[in-house]
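Have a look at query-v3.cif below; it lists mmCIF, C-alpha atoms and all ligand atoms.
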```cif
data_data
loop_
_atom_site.label_atom_id
_atom_site.label_comp_id
_atom_site.auth_asym_id
_atom_site.auth_seq_id
_atom_site.Cartn_x
_atom_site.Cartn_y
_atom_site.Cartn_z
CA MET A 1 -36.38 108.21 26.40
CA SER A 2 -33.20 110.25 26.37
CA ALA A 3 -30.76 109.70 23.54
CA TYR A 4 -27.87 109.96 26.00
CA ARG A 5 -26.31 107.20 28.03
CA ALA A 6 -23.84 107.66 30.90
CA VAL A 7 -20.80 105.65 29.80
CA ILE A 8 -18.20 104.62 32.40
CA ALA A 9 -15.22 106.07 30.55
CA GLY A 10 -12.62 105.72 33.32
CA THR A 11 -12.13 104.16 36.73
CA GLY A 12 -9.63 104.83 39.51
CA GLY A 13 -8.83 103.72 43.02
CA TYR A 14 -6.60 104.76 45.88
CA LEU A 15 -5.66 102.95 49.08
CA PRO A 16 -3.71 104.52 51.94
CA GLU A 17 -0.17 103.15 52.35
CA ARG A 18 -0.58 101.55 55.76
CA SER A 19 -1.85 97.96 55.63
CA LEU A 20 -3.12 96.38 58.86
CA THR A 21 -3.28 92.57 59.06
CA ASN A 22 -5.61 90.37 61.11
CA ASP A 23 -2.60 89.09 63.04
CA GLU A 24 -1.72 92.64 64.08
CA LEU A 25 -5.29 93.12 65.37
CA ALA A 26 -5.21 89.75 67.13
CA ALA A 27 -2.06 90.87 68.97
CA TRP A 28 -3.89 93.88 70.47
CA LYS A 29 -4.45 93.46 74.22
CA GLY A 30 -8.11 92.88 75.13
CA LEU A 31 -9.54 92.62 71.58
CA GLU A 32 -9.67 88.80 71.71
CA THR A 33 -9.91 88.04 68.03
CA SER A 34 -7.92 85.83 65.67
CA ASP A 35 -6.86 85.68 62.03
CA ALA A 36 -8.73 82.35 61.73
CA TRP A 37 -12.06 83.76 63.06
CA ILE A 38 -11.92 86.84 60.82
CA ILE A 39 -11.07 84.83 57.69
CA GLU A 40 -13.68 82.14 58.35
CA ARG A 41 -16.56 84.55 59.12
CA THR A 42 -15.73 87.36 56.66
CA GLY A 43 -12.95 86.44 54.19
CA ILE A 44 -10.95 89.51 55.33
CA ARG A 45 -7.17 89.18 55.69
CA ARG A 46 -6.07 92.81 55.89
CA ARG A 47 -7.27 96.40 55.40
CA HIS A 48 -5.72 99.82 54.71
CA ILE A 49 -5.71 102.64 57.27
CA ALA A 50 -5.41 106.36 56.44
CA ALA A 51 -2.45 108.30 57.84
CA ASP A 52 -2.97 110.99 60.46
CA GLY A 53 -4.42 114.03 58.73
CA GLU A 54 -5.35 112.09 55.58
CA THR A 55 -9.06 112.74 54.92
CA ALA A 56 -11.80 111.42 52.64
CA SER A 57 -11.20 114.31 50.21
CA ASP A 58 -7.45 113.50 50.08
CA LEU A 59 -8.17 109.87 49.16
CA GLY A 60 -11.04 110.80 46.83
CA VAL A 61 -9.04 113.29 44.78
CA LYS A 62 -6.39 110.64 44.05
CA ALA A 63 -9.01 108.15 42.89
CA ALA A 64 -10.69 110.88 40.81
CA LEU A 65 -7.43 111.86 39.06
CA ALA A 66 -6.81 108.20 38.16
CA ALA A 67 -10.34 107.89 36.71
CA LEU A 68 -9.97 111.10 34.68
CA ALA A 69 -6.57 109.95 33.36
CA GLN A 70 -7.94 106.57 32.27
CA ALA A 71 -10.84 108.33 30.50
CA GLY A 72 -8.44 110.76 28.81
CA ALA A 73 -10.50 113.59 30.34
CA GLU A 74 -9.37 117.05 31.49
CA ALA A 75 -10.74 118.67 34.66
CA GLY A 76 -12.61 121.06 32.33
CA GLU A 77 -14.80 118.17 31.14
CA VAL A 78 -16.27 117.74 34.65
CA ASP A 79 -19.75 119.27 35.05
CA ALA A 80 -20.72 117.56 38.30
CA ILE A 81 -19.04 115.73 41.18
CA LEU A 82 -21.03 113.34 43.37
CA VAL A 83 -19.28 111.95 46.44
CA ALA A 84 -20.66 109.04 48.42
CA THR A 85 -19.25 109.07 51.95
CA SER A 86 -20.23 108.51 55.57
CA THR A 87 -16.92 109.93 56.79
CA PRO A 88 -16.82 113.45 55.26
CA ASP A 89 -13.98 115.86 56.07
CA SER A 90 -16.65 118.02 57.76
CA ALA A 91 -20.45 118.43 57.68
CA PHE A 92 -19.85 121.29 55.23
CA PRO A 93 -18.34 122.22 52.87
CA ALA A 94 -19.32 118.91 51.32
CA THR A 95 -16.41 116.58 50.62
CA ALA A 96 -17.46 116.76 46.94
CA VAL A 97 -16.93 120.54 46.92
CA ARG A 98 -13.55 120.13 48.64
CA ILE A 99 -12.56 117.65 45.92
CA GLN A 100 -13.85 120.06 43.25
CA GLY A 101 -11.50 122.70 44.69
CA LYS A 102 -8.51 120.34 44.85
CA LEU A 103 -9.10 119.29 41.22
CA GLY A 104 -9.26 122.92 40.12
CA VAL A 105 -12.75 122.47 38.64
CA THR A 106 -14.48 125.85 38.57
CA LYS A 107 -17.79 125.14 36.83
CA GLY A 108 -20.83 122.99 37.52
CA PHE A 109 -21.76 121.68 40.96
CA ALA A 110 -20.71 119.15 43.58
CA PHE A 111 -22.52 117.49 46.48
CA ASP A 112 -22.33 114.53 48.87
CA VAL A 113 -24.63 111.53 48.98
CA ALA A 114 -25.29 109.90 52.37
CA ALA A 115 -26.42 106.30 51.91
CA ALA A 116 -23.68 104.46 53.86
CA CYS A 117 -22.38 101.36 52.04
CA THR A 118 -24.99 101.83 49.27
CA GLY A 119 -23.74 105.35 48.63
CA PHE A 120 -21.87 104.62 45.41
CA VAL A 121 -24.86 102.82 43.86
CA TYR A 122 -27.11 105.75 44.87
CA ALA A 123 -24.65 108.31 43.46
CA LEU A 124 -24.29 106.36 40.21
CA GLY A 125 -28.10 106.28 39.83
CA LEU A 126 -28.29 110.05 40.41
CA ALA A 127 -25.42 110.74 38.01
CA ASP A 128 -27.14 108.64 35.33
CA ALA A 129 -30.30 110.71 35.79
CA LEU A 130 -28.28 113.95 35.41
CA VAL A 131 -26.80 112.68 32.14
CA ARG A 132 -30.10 111.37 30.74
CA THR A 133 -31.86 114.69 31.49
CA GLY A 134 -29.05 116.70 29.89
CA GLN A 135 -28.01 118.47 33.13
CA ALA A 136 -24.44 117.18 32.94
CA ARG A 137 -22.24 115.64 30.26
CA GLY A 138 -19.20 114.70 32.35
CA VAL A 139 -19.73 113.45 35.91
CA LEU A 140 -17.25 112.23 38.50
CA VAL A 141 -18.78 109.72 40.92
CA ILE A 142 -16.56 109.00 43.91
CA GLY A 143 -16.86 106.75 46.94
CA THR A 144 -14.36 107.66 49.64
CA GLU A 145 -14.16 106.58 53.27
CA VAL A 146 -11.99 106.80 56.37
CA TYR A 147 -13.95 104.37 58.59
CA SER A 148 -10.88 103.99 60.82
CA ARG A 149 -12.02 107.32 62.37
CA ILE A 150 -15.53 106.10 63.33
CA LEU A 151 -14.70 102.59 64.56
CA ASP A 152 -14.76 101.56 68.18
CA TRP A 153 -11.34 99.88 68.26
CA THR A 154 -12.33 98.00 71.42
CA ASP A 155 -15.34 96.30 69.74
CA ARG A 156 -14.16 93.13 67.99
CA GLY A 157 -17.62 92.72 66.41
CA THR A 158 -17.06 95.78 64.16
CA CYS A 159 -13.47 97.05 64.18
CA VAL A 160 -12.06 94.05 62.29
CA LEU A 161 -14.53 94.49 59.42
CA PHE A 162 -13.76 97.87 57.86
CA GLY A 163 -10.96 99.67 56.04
CA ASP A 164 -10.16 103.01 54.39
CA GLY A 165 -9.94 103.78 50.67
CA ALA A 166 -11.45 105.57 47.69
CA GLY A 167 -12.70 104.66 44.22
CA ALA A 168 -14.04 106.77 41.37
CA VAL A 169 -15.57 106.58 37.92
CA PHE A 170 -15.80 109.27 35.26
CA LEU A 171 -19.07 109.16 33.33
CA ARG A 172 -19.30 110.66 29.87
CA ALA A 173 -22.56 111.33 28.03
CA GLU A 174 -22.61 109.37 24.77
CA LYS A 175 -25.37 109.15 22.19
CA GLY A 176 -27.00 105.77 21.82
CA ASP A 177 -29.96 103.97 23.29
CA ALA A 178 -29.96 100.95 21.00
CA ALA A 179 -29.71 97.45 22.44
CA GLY A 180 -26.04 96.77 23.13
CA SER A 181 -25.12 100.45 23.60
CA ARG A 182 -22.57 101.17 26.31
CA GLY A 183 -23.50 102.94 29.53
CA ILE A 184 -25.62 102.62 32.64
CA LEU A 185 -28.76 100.65 31.76
CA SER A 186 -30.74 101.01 34.97
CA SER A 187 -30.48 101.68 38.71
CA HIS A 188 -32.78 100.35 41.41
CA LEU A 189 -32.62 102.15 44.76
CA HIS A 190 -34.36 101.29 48.04
CA SER A 191 -34.40 102.27 51.69
CA ASP A 192 -36.35 101.28 54.80
CA GLY A 193 -35.83 103.56 57.79
CA ARG A 194 -37.53 101.16 60.21
CA HIS A 195 -34.22 99.29 60.41
CA GLY A 196 -32.06 102.33 61.11
CA ASP A 197 -30.87 101.13 64.51
CA ILE A 198 -29.17 97.92 63.38
CA LEU A 199 -26.36 99.75 61.58
CA GLN A 200 -25.65 103.36 62.47
CA ILE A 201 -23.18 105.99 63.58
CA GLU A 202 -24.15 107.08 67.10
CA GLY A 203 -24.46 110.87 67.05
CA GLY A 204 -23.10 113.42 64.59
CA ALA A 205 -22.86 117.13 63.85
CA GLY A 206 -26.50 117.88 64.76
CA SER A 207 -26.85 115.43 67.62
CA THR A 208 -27.05 116.12 71.35
CA GLY A 209 -25.32 112.90 72.34
CA GLY A 210 -23.67 109.78 71.08
CA THR A 211 -20.15 108.60 70.68
CA GLY A 212 -19.78 109.32 66.97
CA LEU A 213 -18.85 105.66 66.52
CA LEU A 214 -20.25 102.92 64.31
CA ARG A 215 -22.56 100.33 65.90
CA MET A 216 -23.84 97.24 64.11
CA ALA A 217 -25.99 94.24 64.95
CA GLY A 218 -24.03 92.09 62.50
CA ARG A 219 -26.25 89.02 62.40
CA GLU A 220 -29.40 91.14 61.79
CA VAL A 221 -27.72 93.04 58.96
CA PHE A 222 -26.51 89.75 57.46
CA LYS A 223 -30.09 88.41 57.24
CA HIS A 224 -31.38 91.57 55.56
CA ALA A 225 -28.39 91.55 53.18
CA VAL A 226 -29.02 88.10 51.79
CA THR A 227 -32.77 88.60 51.15
CA LYS A 228 -32.75 92.24 50.04
CA LEU A 229 -29.77 91.88 47.68
CA ALA A 230 -31.31 88.77 46.10
CA ALA A 231 -34.56 90.69 45.52
CA VAL A 232 -32.88 93.76 44.00
CA VAL A 233 -30.77 91.59 41.70
CA ASP A 234 -33.95 89.92 40.41
CA GLU A 235 -35.60 93.35 40.03
CA THR A 236 -32.65 94.63 37.98
CA LEU A 237 -32.53 91.62 35.66
CA ALA A 238 -36.32 91.70 35.12
CA ALA A 239 -36.26 95.45 34.31
CA ASN A 240 -33.75 94.71 31.53
CA GLY A 241 -35.36 91.50 30.25
CA LEU A 242 -32.30 89.48 31.29
CA GLY A 243 -31.85 86.08 32.86
CA HIS A 244 -29.46 84.88 35.54
CA GLY A 245 -26.82 83.75 33.05
CA ASP A 246 -26.68 86.99 31.05
CA VAL A 247 -24.43 89.07 33.29
CA ASN A 248 -20.67 88.94 32.55
CA TRP A 249 -19.39 90.30 35.87
CA LEU A 250 -20.75 90.78 39.36
CA VAL A 251 -19.09 93.64 41.25
CA PRO A 252 -20.70 93.46 44.69
CA HIS A 253 -20.26 95.62 47.76
CA GLN A 254 -17.44 93.99 49.71
CA ALA A 255 -18.75 93.38 53.25
CA ASN A 256 -18.43 89.65 53.71
CA ILE A 257 -17.27 86.84 51.39
CA ARG A 258 -20.23 84.70 52.51
CA ILE A 259 -22.73 87.31 51.25
CA ILE A 260 -20.72 87.76 48.03
CA GLU A 261 -20.68 83.99 47.37
CA ALA A 262 -24.43 83.77 48.01
CA MET A 263 -25.04 86.47 45.36
CA GLY A 264 -22.71 84.76 42.87
CA LYS A 265 -24.63 81.52 43.36
CA LYS A 266 -27.95 83.34 42.94
CA LEU A 267 -26.75 84.68 39.58
CA HIS A 268 -25.45 81.23 38.56
CA MET A 269 -22.00 82.76 38.24
CA SER A 270 -18.77 80.98 39.11
CA MET A 271 -16.55 82.92 41.51
CA ASP A 272 -14.08 83.71 38.70
CA ARG A 273 -16.82 86.04 37.33
CA VAL A 274 -17.22 87.82 40.67
CA VAL A 275 -14.80 90.60 41.56
CA VAL A 276 -13.53 90.12 45.13
CA THR A 277 -11.38 92.59 47.06
CA VAL A 278 -12.73 92.04 50.59
CA ASP A 279 -9.72 89.83 51.45
CA ARG A 280 -7.28 92.75 50.95
CA HIS A 281 -9.44 95.87 51.45
CA ALA A 282 -12.03 94.70 54.04
CA ASN A 283 -15.28 96.69 53.90
CA THR A 284 -14.53 100.20 52.59
CA SER A 285 -18.25 101.10 52.54
CA ALA A 286 -19.10 103.48 49.65
CA ALA A 287 -15.60 103.00 48.21
CA SER A 288 -15.75 99.22 47.85
CA ILE A 289 -17.51 98.94 44.48
CA PRO A 290 -15.51 101.64 42.63
CA LEU A 291 -12.26 100.21 44.08
CA ALA A 292 -13.23 96.76 42.78
CA LEU A 293 -14.21 98.25 39.39
CA ALA A 294 -10.85 100.03 39.16
CA GLU A 295 -8.98 96.81 39.88
CA ALA A 296 -10.94 94.64 37.44
CA THR A 297 -10.92 97.13 34.54
CA ARG A 298 -7.18 97.81 34.95
CA ASP A 299 -6.12 94.15 35.10
CA GLY A 300 -8.18 93.41 31.98
CA ARG A 301 -10.91 91.25 33.52
CA ILE A 302 -13.76 93.66 32.73
CA GLY A 303 -13.55 94.70 29.09
CA ARG A 304 -15.50 96.79 26.59
CA GLY A 305 -18.99 95.43 25.98
CA ASP A 306 -19.17 93.47 29.25
CA LEU A 307 -22.42 93.60 31.20
CA VAL A 308 -21.61 94.41 34.84
CA LEU A 309 -23.98 94.19 37.79
CA MET A 310 -23.20 96.15 40.95
CA GLU A 311 -25.15 95.72 44.20
CA ALA A 312 -24.88 96.98 47.78
CA ILE A 313 -26.63 97.20 51.14
CA GLY A 314 -25.81 99.44 54.08
CA GLY A 315 -26.98 101.58 56.98
CA GLY A 316 -30.43 103.11 56.66
CA LEU A 317 -31.17 100.46 55.71
CA THR A 318 -30.36 101.36 52.14
CA TRP A 319 -29.82 98.96 49.27
CA GLY A 320 -29.71 98.97 45.49
CA ALA A 321 -28.24 97.72 42.24
CA THR A 322 -26.97 99.18 38.97
CA LEU A 323 -26.47 97.44 35.64
CA ALA A 324 -23.97 98.89 33.16
CA ARG A 325 -22.45 97.89 29.83
CA PHE A 326 -18.74 98.78 29.74
O1 LIG B 401 -21.47 96.98 54.79
C1 LIG B 401 -22.74 97.08 55.36
C2 LIG B 401 -23.36 95.77 55.46
N1 LIG B 401 -22.73 95.00 56.51
C3 LIG B 401 -22.77 93.68 56.43
O2 LIG B 401 -23.24 93.16 55.45
C4 LIG B 401 -22.26 92.87 57.60
C5 LIG B 401 -23.18 91.72 57.82
N2 LIG B 401 -22.79 90.88 58.93
C6 LIG B 401 -21.71 90.06 58.92
O3 LIG B 401 -20.93 90.09 58.00
C7 LIG B 401 -21.56 89.09 60.05
O4 LIG B 401 -22.75 89.03 60.81
C8 LIG B 401 -20.35 89.37 60.99
C9 LIG B 401 -19.06 89.10 60.26
C10 LIG B 401 -20.40 90.81 61.47
C11 LIG B 401 -20.41 88.45 62.21
O5 LIG B 401 -20.44 87.09 61.81
P1 LIG B 401 -21.51 86.08 62.47
O6 LIG B 401 -21.24 84.78 61.89
O7 LIG B 401 -22.88 86.69 62.26
O8 LIG B 401 -21.08 86.07 64.00
P2 LIG B 401 -21.88 86.58 65.28
O9 LIG B 401 -21.99 88.07 65.30
O10 LIG B 401 -23.14 85.81 65.42
O11 LIG B 401 -20.87 86.15 66.40
C12 LIG B 401 -20.54 84.77 66.64
C13 LIG B 401 -19.55 84.71 67.78
C14 LIG B 401 -20.00 85.48 69.02
O12 LIG B 401 -19.61 84.76 70.16
P3 LIG B 401 -20.67 83.84 70.96
O13 LIG B 401 -21.76 84.77 71.37
O14 LIG B 401 -21.10 82.81 69.98
O15 LIG B 401 -19.84 83.31 72.10
C15 LIG B 401 -19.20 86.75 68.94
O16 LIG B 401 -18.99 87.34 70.20
O17 LIG B 401 -18.28 85.27 67.40
C16 LIG B 401 -17.90 86.27 68.35
N3 LIG B 401 -17.15 87.32 67.65
C17 LIG B 401 -15.81 87.24 67.45
N4 LIG B 401 -14.89 86.33 67.80
C18 LIG B 401 -13.61 86.56 67.44
C19 LIG B 401 -17.62 88.46 67.09
N5 LIG B 401 -16.60 89.13 66.53
C20 LIG B 401 -15.47 88.42 66.74
C21 LIG B 401 -14.13 88.59 66.39
N6 LIG B 401 -13.25 87.64 66.76
N7 LIG B 401 -13.70 89.67 65.70
#
```

For the structure just supplied, provide its representation as structure tokens.
Amino acid sequence: MSAYRAVIAGTGGYLPERSLTNDELAAWKGLETSDAWIIERTGIRRRHIAADGETASDLGVKAALAALAQAGAEAGEVDAILVATSTPDSAFPATAVRIQGKLGVTKGFAFDVAAACTGFVYALGLADALVRTGQARGVLVIGTEVYSRILDWTDRGTCVLFGDGAGAVFLRAEKGDAAGSRGILSSHLHSDGRHGDILQIEGGAGSTGGTGLLRMAGREVFKHAVTKLAAVVDETLAANGLGHGDVNWLVPHQANIRIIEAMGKKLHMSMDRVVVTVDRHANTSAASIPLALAEATRDGRIGRGDLVLMEAIGGGLTWGATLARF
């Protein structure tokens, strides 16, 4: 086993200025939705929307700078940049490489990870592997999304659910693999392509058709979410010899308050130990977990030594969990 652990040394988040409320959406002609329906079924009250011309790399670089500042790190400490996004600035250059350029980082490497809402958990798992194998000592992991650009704003079943934003963590290699050492303890990643059609973007850069918009069979995804997230949480605890009561904080992907509450219950955690942002951010896909981490580390809820479980499910289907000691 490697002597190095990937320690989450800094977190950062950025939300576009414009906030869009449920009532504003309900006032749109033909959408036929209501604040009451959206709150009851999802817990969402509002979401942020990127300005014209504001891209995933623009949001991501702001989150990254905040994470570096909190870690007390210079751009020169960054060996690798991993960006989880389903809404890249362009197919290539990768959004990660664009962010590398904007940060003025001139060494190492940068690439994007495509795993939809599970993207941040995937990228964190990959970054941990880079640190443990000695390929990188300082890694920026960013989730950044502008879903407002891929939503069908006439489909009330999807357009009310998502928002724009970015979150980032800076990982620093630190020696120590003793029990109680800080850092990422384990990651557990899964996918099952048989269910690709229930949550997808129709078309893309290499496609011969499609609208380029997000389509989701919400109820189907909901069923998979509850069972698959419960299983991966159990897998993560078992891999670390932990029980349900041992985790200090749950930082779940923020898709729906009903799924979040089900996971809190599964872990025997009261909701004051579960970080919730879905009410104010909606579902920001790969950005939701790092945005929640940034909020809860900055307001003092998550502190040094805390054991934090992160879990997510998204298009693919993809799903996974990561356990880290802060
Ligand atoms: O981040 C990736 C993972 N994504 C998820 O985890 C999302 C998982 N799915 C969900 O969160 C939920 O399934 C939704 C929030 C998307 C939908 O909630 P639901 O309780 O499963 O509702 P439903 O889709 O079964 O729709 C119930 C009713 C339908 O009307 P009828 O057929 O009963 O007359 C819908 O047409 O609600 C209607 N409906 C709406 N009504 C008002 C759907 N969207 C809306 C809306 N406003 N925005």

Which residues, written as a VMD selection string, have at least one atom at most 8 Å from His188 of chain A, with all atoms listed in the file counted and residues fewer than 4 positions away on the same chain left out? chain A and resid 125 232 235 to 236 320 to 322

Between atom CA of Val308 of chain A and atom CA of Gly76 of chain A lies a distance of 28.2 Å

List all protein, DNA and RNA residues that have at least one atom no more than 7 Å from any atom of ligand LIG 401 (chain B), counting only C-alpha atoms and all ligand atoms, and write them as a PyMOL selection string. chain A and resi 32-34+37-38+41-42+117+156-158+160+218-219+221-222+225+255-256+283+285+313-315

I want to know what sits within 9 Å of His253 of chain A, based on all atoms listed in the file, with residues of the same chain fewer than 4 positions away left out; could you give that as an NGL selection string? :A and (117-118 or 260 or 278 or 283-289 or 292 or 310-313)

Please provide the set of residues having any atom within 12 Å of Lys107 of chain A, restricted to all atoms listed in the file, with same-chain residues fewer than 3 positions apart removed, written as JSON, numbers by chain. {"A": [75, 76, 77, 78, 79, 80, 81, 97, 100, 101, 103, 104, 110, 136, 138, 139]}

What is the distance between atom CA of Asn22 of chain A and atom CA of Gly196 of chain A, in Å to one decimal?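 Interatomic distance, atom CA of Asn22 of chain A to atom CA of Gly196 of chain A: 29.0 Å.
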
Hey, what's within 10 Å of segment 152-154 of chain A if we count all atoms listed in the file and toss same-chain stuff fewer than 6 positions away? As an NGL selection string, please? :A and (25 or 28-32 or 160 or 211-215)

By how many Å are atom CA of Val146 of chain A and atom CA of Thr55 of chain A apart?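 Here the two named atoms are 6.8 Å from each other.
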
With a distance cut-off of 8 Å and all atoms listed in the file, select the neighbouring residues of Arg46 of chain A, excluding the residue or stretch itself and same-chain residues fewer than 6 positions from it, and output the selection as a list in words.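 My reading of the contact set: Ser19, Leu20, Thr21, Asn22, Asp279, Arg280, His281 and Ala282 of chain A.
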
So, with all atoms listed in the file as the atoms that count, which of A:Tyr4, A:Gly176, A:Glu202, A:Leu307 lies closest to Arg137 of chain A? A:Tyr4

List the residues sitting within 12 Å of (-24.8, 102.4, 40.0) in the file's frame, using only C-alpha atoms, as a PyMOL selection string. chain A and resi 6-8+84+118-129+141-143+168-169+171+183-189+236+251-253+286+289-290+293+308-312+319-325

Of the listed residues A:Gly72, A:Gly167, A:Pro93, A:Pro88, that which approaches Tyr14 of chain A most closely, counting all atoms listed in the file: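 So, comparing all the options, the nearest one is A:Gly167.
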